Structures are given as C-alpha cells and as structure tokens.
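Pasted below: work.cif, mmCIF, C-alpha atoms.
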data_run
#
loop_
_atom_site.label_atom_id
_atom_site.label_comp_id
_atom_site.auth_asym_id
_atom_site.auth_seq_id
_atom_site.Cartn_x
_atom_site.Cartn_y
_atom_site.Cartn_z
CA MET U 534 0.00 0.00 0.00
CA ALA U 535 1.29 3.45 -0.93
CA ILE U 536 -0.12 5.18 2.16
CA ARG U 537 2.67 5.96 4.64
CA VAL U 538 2.09 6.86 8.28
CA HIS U 539 4.48 9.43 9.75
CA LEU U 540 3.33 9.11 13.34
CA ASP U 541 6.87 8.47 14.60
CA ARG U 542 8.12 11.70 12.98
CA VAL U 543 5.26 13.77 14.43
CA LEU U 544 5.79 12.21 17.87
CA LEU U 545 9.48 13.07 17.68
CA GLU U 546 8.70 16.67 16.71
CA ARG U 547 6.26 16.98 19.62
CA ARG U 548 8.68 15.14 21.96
CA MET U 549 5.85 12.87 23.00
CA SER U 550 6.06 9.16 23.77
CA LEU U 551 3.76 6.53 22.30
CA THR U 552 2.53 5.68 25.80
CA GLU U 553 1.57 9.28 26.51
CA LEU U 554 -0.24 9.57 23.20
CA ALA U 555 -2.06 6.30 23.86
CA ASP U 556 -3.25 7.65 27.21
CA ARG U 557 -4.41 10.93 25.71
CA VAL U 558 -6.14 9.43 22.66
CA GLY U 559 -7.63 6.42 24.39
CA VAL U 560 -6.14 3.90 21.95
CA THR U 561 -4.03 1.00 23.16
CA ILE U 562 -0.25 1.13 22.71
CA ALA U 563 -0.49 -2.06 20.67
CA ASN U 564 -2.90 -0.43 18.20
CA LEU U 565 -0.84 2.75 17.99
CA SER U 566 2.20 0.60 17.36
CA ILE U 567 0.37 -1.12 14.47
CA LEU U 568 -0.44 2.32 13.09
CA LYS U 569 3.12 3.59 13.57
CA THR U 570 4.72 0.62 11.85
CA GLY U 571 2.38 0.93 8.84
CA LYS U 572 0.66 -2.42 9.41
CA ALA U 573 -2.79 -0.87 9.84
CA ARG U 574 -5.33 -1.49 7.07
CA ALA U 575 -7.62 1.41 7.96
CA ILE U 576 -7.96 4.29 10.38
CA ARG U 577 -11.24 5.55 11.83
CA PHE U 578 -12.09 9.23 11.48
CA SER U 579 -12.63 9.30 15.25
CA THR U 580 -9.05 8.03 15.83
CA LEU U 581 -7.65 10.48 13.29
CA ASP U 582 -9.62 13.27 14.93
CA ALA U 583 -8.22 12.40 18.37
CA LEU U 584 -4.65 12.09 17.04
CA CYS U 585 -4.83 15.45 15.25
CA ARG U 586 -6.31 17.09 18.36
CA GLU U 587 -3.66 15.72 20.73
CA LEU U 588 -0.73 16.19 18.37
CA ASP U 589 -2.01 19.56 17.13
CA CYS U 590 -1.52 18.64 13.50
CA GLN U 591 -3.39 18.04 10.23
CA PRO U 592 -4.26 14.57 8.86
CA GLY U 593 -1.77 15.21 6.07
CA ASP U 594 1.00 15.48 8.65
CA LEU U 595 0.26 11.94 9.80
CA VAL U 596 -0.47 10.16 6.52
CA ALA U 597 0.93 10.65 3.04
CA TYR U 598 0.52 8.99 -0.35
CA GLU U 599 3.90 7.77 -1.55
CA PRO U 600 3.50 5.44 -4.55
CA GLY U 601 6.29 3.03 -5.15
CA PRO U 602 6.95 0.03 -7.41
CA GLY U 603 4.40 -2.74 -6.95
CA SER U 604 1.99 -0.68 -4.86
CA GLU U 605 -0.89 -1.10 -7.37
CA GLU U 606 -0.40 -4.87 -7.53
CA GLU U 607 -0.44 -4.93 -3.72
CA VAL U 608 -3.83 -3.18 -3.64
CA GLU U 609 -5.27 -5.63 -6.21
CA GLU U 610 -3.90 -8.54 -4.24
CA GLU U 611 -5.47 -7.23 -1.03
CA ALA U 612 -8.81 -6.70 -2.77
CA TYR U 613 -9.05 -10.10 -4.45
CA GLY U 614 -6.51 -12.30 -2.72
CA GLY U 615 -8.57 -12.79 0.39
CA ALA U 616 -7.58 -13.65 3.92
CA MET N 1350 -31.14 -18.78 22.94
CA ARG N 1351 -27.62 -17.97 21.84
CA THR N 1352 -26.19 -19.77 18.83
CA LEU N 1353 -22.52 -18.84 19.34
CA GLY N 1354 -20.21 -18.84 22.35
CA PRO N 1355 -19.94 -20.96 25.49
CA GLY N 1356 -23.19 -22.57 26.67
CA SER N 1357 -24.86 -21.96 23.30
CA ILE N 1358 -26.41 -24.24 20.68
CA SER N 1359 -22.94 -24.50 19.10
CA SER N 1360 -21.44 -25.97 22.26
CA PHE N 1361 -24.33 -28.45 22.46
CA LEU N 1362 -23.73 -29.49 18.84
CA LYS N 1363 -20.01 -29.73 19.59
CA ILE N 1364 -20.75 -32.29 22.33
CA ILE N 1365 -22.87 -34.33 19.89
CA LEU N 1366 -20.07 -34.18 17.31
CA ASP N 1367 -17.58 -35.33 19.97
CA VAL N 1368 -19.72 -38.39 20.69
CA VAL N 1369 -20.19 -39.14 16.97
CA TYR N 1370 -16.46 -38.67 16.38
CA PHE N 1371 -15.46 -41.23 18.98
CA ALA N 1372 -18.22 -43.63 17.86
CA LEU N 1373 -16.84 -43.38 14.33
CA TRP N 1374 -13.34 -44.19 15.59
CA VAL N 1375 -14.79 -47.36 17.13
CA ALA N 1376 -16.63 -48.16 13.87
CA VAL N 1377 -13.44 -47.68 11.84
CA ALA N 1378 -11.50 -49.91 14.24
CA VAL N 1379 -14.16 -52.62 14.07
CA LEU N 1380 -14.32 -52.47 10.27
CA ALA N 1381 -10.53 -52.60 10.01
CA ALA N 1382 -10.46 -55.63 12.32
CA LEU N 1383 -13.21 -57.34 10.30
CA ALA N 1384 -11.42 -56.61 7.01
CA LEU N 1385 -8.23 -58.03 8.46
CA LEU N 1386 -10.15 -61.07 9.68
CA ALA N 1387 -11.69 -61.53 6.22
CA ILE N 1388 -8.25 -61.45 4.64
CA LEU N 1389 -6.91 -63.95 7.19
CA LEU N 1390 -9.91 -66.25 6.74
CA SER N 1391 -9.43 -66.11 3.00
CA PHE N 1392 -6.70 -68.67 3.51
CA ASN N 1393 -9.55 -71.08 4.37
CA PRO N 1394 -12.23 -70.21 1.74
CA ASP N 1395 -14.52 -73.06 2.76
CA PHE N 1396 -15.10 -71.52 6.20
CA LEU N 1397 -16.18 -68.18 4.77
CA LYS N 1398 -18.43 -69.73 2.15
CA SER N 1399 -20.31 -71.62 4.82
CA ALA N 1400 -20.54 -68.60 7.11
CA ILE N 1401 -21.71 -65.75 4.86
CA HIS N 1402 -24.34 -65.67 2.14
CA ILE N 1403 -25.55 -62.75 0.06
CA THR N 1404 -29.08 -62.86 -1.35
CA GLY N 1405 -29.61 -61.62 -4.90
CA GLU N 1406 -32.56 -59.62 -6.27
CA ASP N 1407 -34.10 -62.78 -7.66
CA GLY N 1408 -33.72 -64.62 -4.35
CA LYS N 1409 -30.71 -66.53 -5.61
CA GLU N 1410 -27.97 -66.92 -3.02
CA PHE N 1411 -24.39 -65.93 -3.71
CA ALA N 1412 -21.64 -67.32 -1.54
CA ALA N 1413 -19.25 -64.56 -0.62
CA ASN N 1414 -15.75 -65.26 -1.65
CA ASP N 1415 -12.73 -64.10 0.29
CA ALA N 1416 -11.76 -61.24 -2.01
CA THR N 1417 -15.24 -59.68 -2.24
CA MET N 1418 -15.72 -59.81 1.52
CA ALA N 1419 -12.36 -58.17 2.20
CA ALA N 1420 -12.98 -55.56 -0.54
CA GLY N 1421 -16.47 -54.80 0.78
CA LEU N 1422 -15.24 -54.35 4.33
CA THR N 1423 -12.32 -52.21 3.16
CA ALA N 1424 -14.70 -50.02 1.16
CA ALA N 1425 -16.97 -49.65 4.19
CA GLY N 1426 -13.92 -48.81 6.30
CA LEU N 1427 -12.78 -46.16 3.82
CA TYR N 1428 -16.26 -44.66 3.78
CA ALA N 1429 -16.24 -44.53 7.59
CA VAL N 1430 -12.79 -42.87 7.49
CA GLY N 1431 -14.20 -40.23 5.11
CA VAL N 1432 -17.11 -39.53 7.44
CA LEU N 1433 -14.65 -39.48 10.36
CA ILE N 1434 -12.55 -36.82 8.61
CA ILE N 1435 -15.66 -34.70 7.93
CA VAL N 1436 -16.85 -34.97 11.53
CA GLY N 1437 -13.31 -34.22 12.77
CA ARG N 1438 -13.18 -31.00 10.72
CA LEU N 1439 -16.72 -30.09 11.81
CA ARG N 1440 -15.64 -30.53 15.45
CA ARG N 1441 -12.79 -28.08 14.93
CA ILE N 1442 -15.13 -25.60 13.26
CA PHE N 1443 -17.54 -25.90 16.18
CA VAL N 1444 -14.68 -25.28 18.63
CA THR N 1445 -14.25 -21.84 17.01
CA LEU N 1446 -18.04 -21.29 17.04
CA THR N 1447 -18.15 -22.18 20.73
CA ALA N 1448 -15.32 -19.72 21.32
CA GLY N 1449 -17.47 -17.07 19.57
CA ASP N 1450 -15.01 -16.71 16.69
CA PRO N 1451 -16.76 -18.11 13.59
CA PHE N 1452 -14.60 -16.33 11.02
CA HIS N 1453 -11.35 -17.96 12.06
CA PRO N 1454 -9.14 -18.17 8.93
CA ASP N 1455 -8.66 -21.94 9.42
CA ASN N 1456 -12.40 -22.53 9.02
CA VAL N 1457 -12.15 -21.68 5.31
CA ARG N 1458 -9.61 -24.46 4.75
CA ARG N 1459 -11.66 -26.86 6.89
CA LEU N 1460 -14.88 -26.20 4.95
CA ARG N 1461 -13.15 -26.61 1.59
CA PHE N 1462 -11.68 -29.90 2.80
CA ILE N 1463 -15.12 -31.07 3.96
CA GLY N 1464 -16.49 -30.25 0.49
CA LEU N 1465 -13.70 -32.21 -1.18
CA VAL N 1466 -14.17 -35.23 1.10
CA LEU N 1467 -17.95 -35.14 0.52
CA ALA N 1468 -17.36 -35.13 -3.24
CA GLY N 1469 -14.76 -37.90 -2.85
CA LEU N 1470 -17.15 -40.05 -0.83
CA GLU N 1471 -19.86 -39.65 -3.45
CA LEU N 1472 -17.47 -40.53 -6.27
CA GLY N 1473 -16.20 -43.47 -4.21
CA ARG N 1474 -19.78 -44.67 -3.86
CA TYR N 1475 -20.17 -44.67 -7.65
CA VAL N 1476 -16.90 -46.57 -8.08
CA PHE N 1477 -17.98 -49.10 -5.43
CA TRP N 1478 -21.34 -49.54 -7.15
CA MET N 1479 -19.73 -50.10 -10.56
CA VAL N 1480 -17.14 -52.54 -9.23
CA SER N 1481 -19.71 -54.49 -7.22
CA ALA N 1482 -22.05 -54.59 -10.25
CA PHE N 1483 -19.19 -56.08 -12.24
CA LEU N 1484 -18.10 -58.59 -9.58
CA LEU N 1485 -21.49 -59.57 -8.20
CA PRO N 1486 -24.07 -59.18 -10.98
CA GLY N 1487 -27.65 -59.52 -9.82
CA VAL N 1488 -26.92 -58.76 -6.17
CA SER N 1489 -29.22 -56.17 -4.60
CA ARG N 1490 -27.52 -52.79 -3.99
CA GLY N 1491 -29.61 -50.02 -2.56
CA GLY N 1492 -29.19 -46.32 -3.38
CA HIS N 1493 -26.89 -46.52 -6.35
CA GLY N 1494 -28.26 -43.67 -8.46
CA PHE N 1495 -26.97 -40.15 -9.03
CA ASN N 1496 -27.75 -38.30 -5.81
CA LEU N 1497 -28.55 -34.68 -6.58
CA THR N 1498 -28.83 -33.77 -2.88
CA THR N 1499 -25.24 -34.81 -2.20
CA TRP N 1500 -23.85 -32.72 -5.06
CA PHE N 1501 -26.03 -29.81 -3.99
CA SER N 1502 -24.55 -30.18 -0.46
CA VAL N 1503 -21.02 -30.21 -1.90
CA LEU N 1504 -21.70 -26.96 -3.77
CA VAL N 1505 -23.29 -25.38 -0.68
CA VAL N 1506 -20.22 -26.29 1.39
CA PHE N 1507 -17.91 -24.70 -1.18
CA VAL N 1508 -20.07 -21.55 -1.28
CA LEU N 1509 -20.06 -21.46 2.54
CA ALA N 1510 -16.26 -21.75 2.47
CA GLU N 1511 -16.16 -18.62 0.28
CA VAL N 1512 -18.55 -16.85 2.65
CA PHE N 1513 -16.24 -17.71 5.54
CA ARG N 1514 -13.23 -16.53 3.50
CA GLU N 1515 -14.93 -13.16 3.06
CA GLY N 1516 -15.79 -13.12 6.77
CA ALA N 1517 -12.18 -13.92 7.68
CA ARG N 1518 -10.98 -11.11 5.40
CA LEU N 1519 -13.37 -8.63 7.04
CA ARG N 1520 -12.29 -9.82 10.48
CA SER N 1521 -8.65 -9.32 9.56
CA GLU N 1522 -9.45 -5.82 8.31
CA ALA N 1523 -11.40 -5.00 11.45
CA GLU N 1524 -8.48 -6.18 13.58
CA LEU N 1525 -6.14 -3.84 11.70
CA THR N 1526 -8.51 -0.88 11.79
CA ILE N 1527 -7.29 1.59 14.37
#
Whole structure, structure tokens version:
Amino acid sequence: MAIRVHLDRVLLERRMSLTELADRVGVTIANLSILKTGKARAIRFSTLDALCRELDCQPGDLVAYEPGPGSEEEVEEEAYGGA
Amino acid sequence: MRTLGPGSISSFLKIILDVVYFALWVAVAVLAALALLAILLSFNPDFLKSAIHITGEDGKEFAANDATMAAGLTAAGLYAVGVLIIVGRLRRIFVTLTAGDPFHPDNVRRLRFIGLVLAGLELGRYVFWMVSAFLLPGVSRGGHGFNLTTWFSVLVVFVLAEVFREGARLRSEAELTI
C-alpha cells in the first residue's frame, strides 16, 4: 500500500512518547504501534480526529501517499486475494 | 437462545459431534479388524463360504468369496474414514463457534476440505457400485443412483467456504482498523 504513516516523525517533533499519546487518545499502545509501523489497514475518522487534536496537526502530517513500485499490484492482491 | 459462544447451541452441537467422532473411531477400528479377519480367513475359503451368504434380487444366493468380503469391508472402512474426517473437521469448526469466533481463517480451509471429502465419498460410492455390479451381478444394492442432494450439499459447502473466506478477510481488516 502506498499510504505511509508518519506518526513516529510527528511524535518526535512533539517530543511525545507513544505511551503518553495512547493515554491521551484512548487507543491501546499495541494499536498505535500497528499504526506507527504501517501495518494498519484502515484508520477511523474518530481516531484520526483524536490524534490530530492531541498532536495539534493536520491529517496530512500523519499520513501521506507515496506510490512506489508494486503498490498497485499490492492493492489488487489485497482486494481479491482474500484472507 | 444464543447460537454462538460458550453454553450456546454450538457448544451443544459440539458435544454431539464429539460423541459421533469417537463412535466413528470405534466403527473404523471394528471395520478394520473385520477386514483383516476376512483377509486372514481367505486362507480357508470353505469356512467363509459356509458362514456368509448374500441374497440376490431374484432370491438366488451368492456365496461370498474371500476377495469380495475383504474388498467390501475395506470399502466400508474407507467410507467410515471419510465420514470421520468430515466430523473431525466439523468438530474443529464448532470449537471456534463455541469460542465465539466463527470467522477464524482456518475454518475456510476446513470447509473446503469437507467439500472435497464429501465429493470424494460420493465418487467413491459410484466406483464401489460399478465394481460391485461387475463382480457380483444380480446382487441387490440399494441407493446406487446419481444423488442430486449430495452434489447440492457439496456446492453449498464450497459456497459457505467462500462466505467464511470473506468473513475472515473482514475480520482481519477489522483487527487492523485503528
């Protein structure tokens, strides 16, 4: 997938730990870790809203579209390949 | 009444499947022992001929020979093994249903396997019918025709496997939705 999450960079800029953010947002550290490492498949608007509020940033600061080789095939595979 | 989770209809069905599963193990063991016995007794064909008789459609009696008896018992044993495999997979599916997790990714594989075994059993039945018709002409054999219900069941199982695959995919997506 060509969507990249820059949560680690924003956290570093705000000098905030993942644990602190988890406490403030009300999301578990495990789930934030999934988001940070780019393993997440989707993000709820409510989560994005809470992250932007606590990190005082825009959604575009957290996620970016960075197409690379094979990203389109990956999307097709995810859509039709199944579980 | 709840259909999924502990203490639900699923857990009740799981208990029934457990009982059937162990009964089938006993049946398979008995059939294997009988098949082995038939093979051993085949060294004394006169004993078997005097012990077992098969009645034909016209009332004519056929004395079972050693090879047909052993083959018949082996076929019955293989059929029981097929049913045992299906019940075994169903038990595992019902374990996940009892745990309240129907869309476990393994259930897709289990359902597909059940469909394949069902189809295999039906094909095996046709082969058995053809072979027995060739070896024992005129002997009564019940239920030898093309069974539409069985093939319909096979297709339903395969469709259900796809439904579960979609469910497993959605579950995986939900797990990775933050």
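Here the PyMOL selection byres ((chain U and resi 567) around 12) catches exactly these residues: Val538, Leu540, Asp541, Leu551, Val560, Thr561, Ile562, Ala563, Asn564, Leu565, Ser566, Leu568, Lys569, Thr570, Gly571, Lys572, Ala573, Arg574, Ala575 and Ile576 of chain U; Glu1524, Leu1525, Thr1526 and Ile1527 of chain N.
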Output the residue selection produced by the PyMOL selection byres ((chain N) within 9 of (chain U)) on the file above, formatted as a short mmCIF file (atom, residue, chain, number, x, y, z; two decimals) with C-alpha atoms, in the coordinates of the input.
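To be explicit, this is the file written out as expr-v8.cif:
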data_model
loop_
_atom_site.label_atom_id
_atom_site.label_comp_id
_atom_site.auth_asym_id
_atom_site.auth_seq_id
_atom_site.Cartn_x
_atom_site.Cartn_y
_atom_site.Cartn_z
CA PRO N 1454 -9.14 -18.17 8.93
CA ARG N 1514 -13.23 -16.53 3.50
CA GLU N 1515 -14.93 -13.16 3.06
CA GLY N 1516 -15.79 -13.12 6.77
CA ALA N 1517 -12.18 -13.92 7.68
CA ARG N 1518 -10.98 -11.11 5.40
CA LEU N 1519 -13.37 -8.63 7.04
CA ARG N 1520 -12.29 -9.82 10.48
CA SER N 1521 -8.65 -9.32 9.56
CA GLU N 1522 -9.45 -5.82 8.31
CA ALA N 1523 -11.40 -5.00 11.45
CA GLU N 1524 -8.48 -6.18 13.58
CA LEU N 1525 -6.14 -3.84 11.70
CA THR N 1526 -8.51 -0.88 11.79
CA ILE N 1527 -7.29 1.59 14.37
#
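Residue nearest Arg1459 in chain N, chosen from N:Ala1419, N:Ala1510, N:Val1432, N:Val1505 and counting all atoms listed in the file: N:Ala1510.
Pairwise distance (CA of Leu1460 in chain N, CA of Arg1474 in chain N) equals 21.0 Å.
Proximity to Arg557 in chain U was assessed for U:Asp594, U:Arg542, U:Arg537, U:Leu588 counting all atoms listed in the file; the smallest distance is recorded for U:Leu588.
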